[in-house]
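Chemist: Have a peek at run21.pdb (PDB, C-alpha atoms, pLDDT in the B column).
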```pdb
MODEL        1
ATOM      1  CA  MET A   1      -7.517   4.978   0.999  1.00 89.00           C
ATOM      2  CA  THR A   2      -6.385   8.004   2.985  1.00 90.00           C
ATOM      3  CA  TRP A   3      -6.158   8.695   6.709  1.00 91.00           C
ATOM      4  CA  GLU A   4      -4.811  11.363   9.034  1.00 91.00           C
ATOM      5  CA  PHE A   5      -2.274  10.962  11.789  1.00 94.00           C
ATOM      6  CA  ASP A   6      -0.732  13.714  13.878  1.00 93.00           C
ATOM      7  CA  GLY A   7      -1.535  16.415  11.331  1.00 90.00           C
ATOM      8  CA  GLY A   8      -0.250  14.409   8.356  1.00 90.00           C
ATOM      9  CA  LEU A   9      -2.329  12.842   5.608  1.00 92.00           C
ATOM     10  CA  TYR A  10      -1.314   9.387   4.359  1.00 94.00           C
ATOM     11  CA  CYS A  11      -2.401   7.259   1.425  1.00 94.00           C
ATOM     12  CA  ALA A  12      -2.459   3.506   0.787  1.00 94.00           C
ATOM     13  CA  ALA A  13      -2.985   2.458  -2.831  1.00 93.00           C
ATOM     14  CA  THR A  14      -3.397  -1.043  -4.260  1.00 92.00           C
ATOM     15  CA  THR A  15      -2.773  -2.093  -7.850  1.00 92.00           C
ATOM     16  CA  GLU A  16      -3.163  -5.601  -9.239  1.00 91.00           C
ATOM     17  CA  THR A  17      -1.642  -6.727 -12.518  1.00 92.00           C
ATOM     18  CA  GLY A  18      -1.980 -10.009 -14.386  1.00 90.00           C
ATOM     19  CA  VAL A  19      -4.344 -12.897 -13.716  1.00 85.00           C
ATOM     20  CA  GLY A  20      -4.043 -16.380 -12.265  1.00 80.00           C
ATOM     21  CA  GLU A  21      -0.446 -17.499 -11.810  1.00 80.00           C
ATOM     22  CA  ASP A  22       0.794 -14.209 -13.263  1.00 83.00           C
ATOM     23  CA  ARG A  23      -1.085 -12.035 -10.728  1.00 86.00           C
ATOM     24  CA  THR A  24       0.991  -9.533  -8.793  1.00 89.00           C
ATOM     25  CA  THR A  25      -0.431  -7.082  -6.245  1.00 91.00           C
ATOM     26  CA  TYR A  26       1.332  -3.843  -5.325  1.00 94.00           C
ATOM     27  CA  PHE A  27       0.535  -2.058  -2.067  1.00 95.00           C
ATOM     28  CA  GLU A  28       1.986   1.452  -1.826  1.00 95.00           C
ATOM     29  CA  LEU A  29       2.183   3.818   1.136  1.00 95.00           C
ATOM     30  CA  SER A  30       2.817   7.523   0.697  1.00 94.00           C
ATOM     31  CA  GLU A  31       2.124  10.872   2.240  1.00 92.00           C
ATOM     32  CA  ALA A  32      -0.950  12.280   0.544  1.00 90.00           C
ATOM     33  CA  ARG A  33      -0.916  15.639  -1.190  1.00 86.00           C
ATOM     34  CA  THR A  34      -3.969  17.815  -1.626  1.00 83.00           C
ATOM     35  CA  VAL A  35      -4.837  18.488  -5.234  1.00 82.00           C
ATOM     36  CA  PRO A  36      -6.148  22.046  -5.471  1.00 82.00           C
ATOM     37  CA  ALA A  37      -9.790  22.609  -6.282  1.00 80.00           C
ATOM     38  CA  SER A  38     -10.880  23.627  -9.747  1.00 81.00           C
ATOM     39  CA  ALA A  39     -14.178  24.856 -11.153  1.00 80.00           C
ATOM     40  CA  ALA A  40     -15.098  21.265 -12.028  1.00 83.00           C
ATOM     41  CA  MET A  41     -13.734  19.440  -8.981  1.00 79.00           C
ATOM     42  CA  PRO A  42     -13.304  20.076  -5.238  1.00 82.00           C
ATOM     43  CA  ALA A  43      -9.894  19.769  -3.554  1.00 79.00           C
ATOM     44  CA  SER A  44      -9.001  16.147  -2.879  1.00 82.00           C
ATOM     45  CA  PRO A  45      -6.079  14.068  -1.609  1.00 83.00           C
ATOM     46  CA  ALA A  46      -3.768  12.262  -4.035  1.00 84.00           C
ATOM     47  CA  PRO A  47      -0.761  10.002  -3.408  1.00 88.00           C
ATOM     48  CA  GLY A  48       2.630  11.643  -3.095  1.00 87.00           C
ATOM     49  CA  PRO A  49       5.977   9.921  -3.694  1.00 90.00           C
ATOM     50  CA  THR A  50       5.859   6.289  -2.544  1.00 93.00           C
ATOM     51  CA  ALA A  51       7.630   5.620   0.765  1.00 94.00           C
ATOM     52  CA  VAL A  52       6.932   1.872   1.054  1.00 95.00           C
ATOM     53  CA  THR A  53       5.954  -0.698  -1.568  1.00 94.00           C
ATOM     54  CA  VAL A  54       4.898  -4.272  -0.821  1.00 93.00           C
ATOM     55  CA  VAL A  55       4.861  -6.610  -3.835  1.00 92.00           C
ATOM     56  CA  VAL A  56       2.777  -9.761  -3.381  1.00 88.00           C
ATOM     57  CA  TYR A  57       2.852 -12.560  -5.924  1.00 85.00           C
ATOM     58  CA  ALA A  58       0.121 -15.080  -6.762  1.00 80.00           C
ATOM     59  CA  PRO A  59       0.054 -18.048  -4.334  1.00 76.00           C
ATOM     60  CA  GLU A  60       0.948 -20.362  -7.224  1.00 77.00           C
ATOM     61  CA  GLU A  61       4.298 -18.572  -7.481  1.00 74.00           C
ATOM     62  CA  GLU A  62       5.274 -19.860  -4.036  1.00 76.00           C
ATOM     63  CA  LYS A  63       7.371 -16.736  -3.760  1.00 80.00           C
ATOM     64  CA  PRO A  64       7.489 -14.566  -0.620  1.00 82.00           C
ATOM     65  CA  ALA A  65       6.336 -10.960  -0.766  1.00 85.00           C
ATOM     66  CA  ASP A  66       8.938  -8.245  -1.276  1.00 90.00           C
ATOM     67  CA  VAL A  67       9.080  -4.952   0.603  1.00 92.00           C
ATOM     68  CA  PHE A  68      10.857  -1.844  -0.680  1.00 94.00           C
ATOM     69  CA  PHE A  69      11.530   1.334   1.303  1.00 94.00           C
ATOM     70  CA  ASP A  70      12.454   4.760  -0.040  1.00 94.00           C
ATOM     71  CA  GLY A  71      15.582   5.629   1.926  1.00 91.00           C
ATOM     72  CA  GLU A  72      14.883   9.349   1.630  1.00 92.00           C
ATOM     73  CA  GLN A  73      11.554   9.324   3.508  1.00 90.00           C
ATOM     74  CA  THR A  74      10.637   8.717   7.117  1.00 91.00           C
ATOM     75  CA  LEU A  75       7.229   7.810   8.495  1.00 92.00           C
ATOM     76  CA  PRO A  76       5.809   7.575  12.004  1.00 94.00           C
ATOM     77  CA  PHE A  77       5.833   3.932  13.139  1.00 95.00           C
ATOM     78  CA  VAL A  78       2.079   3.997  13.794  1.00 96.00           C
ATOM     79  CA  VAL A  79       1.499   4.938  10.107  1.00 95.00           C
ATOM     80  CA  LEU A  80       3.602   1.975   8.969  1.00 94.00           C
ATOM     81  CA  GLN A  81       1.761  -0.253  11.426  1.00 95.00           C
ATOM     82  CA  HIS A  82      -1.619   0.857  10.029  1.00 95.00           C
ATOM     83  CA  PHE A  83      -0.364   0.205   6.482  1.00 95.00           C
ATOM     84  CA  VAL A  84       0.732  -3.330   7.447  1.00 93.00           C
ATOM     85  CA  GLU A  85      -2.755  -3.946   8.863  1.00 93.00           C
ATOM     86  CA  ILE A  86      -4.283  -2.778   5.563  1.00 92.00           C
ATOM     87  CA  VAL A  87      -1.978  -5.052   3.537  1.00 92.00           C
ATOM     88  CA  ALA A  88      -2.665  -8.048   5.793  1.00 89.00           C
ATOM     89  CA  SER A  89      -6.418  -7.458   5.638  1.00 88.00           C
ATOM     90  CA  GLN A  90      -6.515  -7.146   1.848  1.00 85.00           C
ATOM     91  CA  ALA A  91      -4.128 -10.058   1.387  1.00 76.00           C
ATOM     92  CA  GLY A  92      -6.416 -12.205   3.540  1.00 66.00           C
ATOM     93  CA  GLU A  93      -9.495 -11.130   1.560  1.00 60.00           C
ATOM     94  CA  HIS A  94      -7.848 -12.092  -1.707  1.00 55.00           C
ATOM     95  CA  ALA A  95      -6.228 -15.313  -0.414  1.00 53.00           C
ATOM     96  CA  ILE A  96      -2.714 -14.070  -1.107  1.00 55.00           C
ATOM     97  CA  LEU A  97       0.294 -14.457   1.161  1.00 54.00           C
ATOM     98  CA  GLY A  98      -1.230 -17.735   2.323  1.00 49.00           C
ATOM     99  CA  LEU A  99      -3.281 -15.810   4.894  1.00 46.00           C
ATOM    100  CA  GLN A 100      -6.683 -17.043   5.961  1.00 43.00           C
ATOM    101  CA  SER A 101      -9.560 -14.615   5.611  1.00 42.00           C
TER     102      SER A 101
ENDMDL
END
```
Produce structure tokens that represent the structure in this file.
Modeler:
Amino acid sequence: MTWEFDGGLYCAATTETGVGEDRTTYFELSEARTVPASAAMPASPAPGPTAVTVVVYAPEEEKPADVFFDGEQTLPFVVLQHFVEIVASQAGEHAILGLQS
């Protein structure tokens, strides 16, 4: 998922690994980069280096989510806020984090 804010393009990506009790979901926020167009494909956004990663474990783990920040990058607060809304929404949809959908 990509969105624009104040002239910048940002990307939120979600990856899920494992199943059942071994399920782990990774939410990553980065500035998006535009991949140049080619003869076969138009220009499109792609994730850049990850600025924030949220790691959410299966509810059976009874383990709180972890958050990691890249100390070299800064983001506008409103971008981080939007990312948190995305994570909370998807976590609620998938019954992770103990959130109600």
Chemist: Mind checking which residues fall within 9 Å of range 43-59 of chain A, counting all atoms listed in the file, ignoring those fewer than 2 positions away in the same chain, and posting them as a ChimeraX atom specification?
Modeler: /A:2,9-13,19-38,41,61-75,80,87,91,95-98
Chemist: Just give me the gap between CA of Ala40 in chain A and CA of Thr15 in chain A in Å, one decimal is fine.
Modeler: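 The value is 26.7 Å.
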Chemist: Give me, please, the distance in Å between CA of Met1 in chain A and CA of Phe77 in chain A, quoted to one decimal.
Modeler: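 Between these atoms lies a distance of 18.1 Å.
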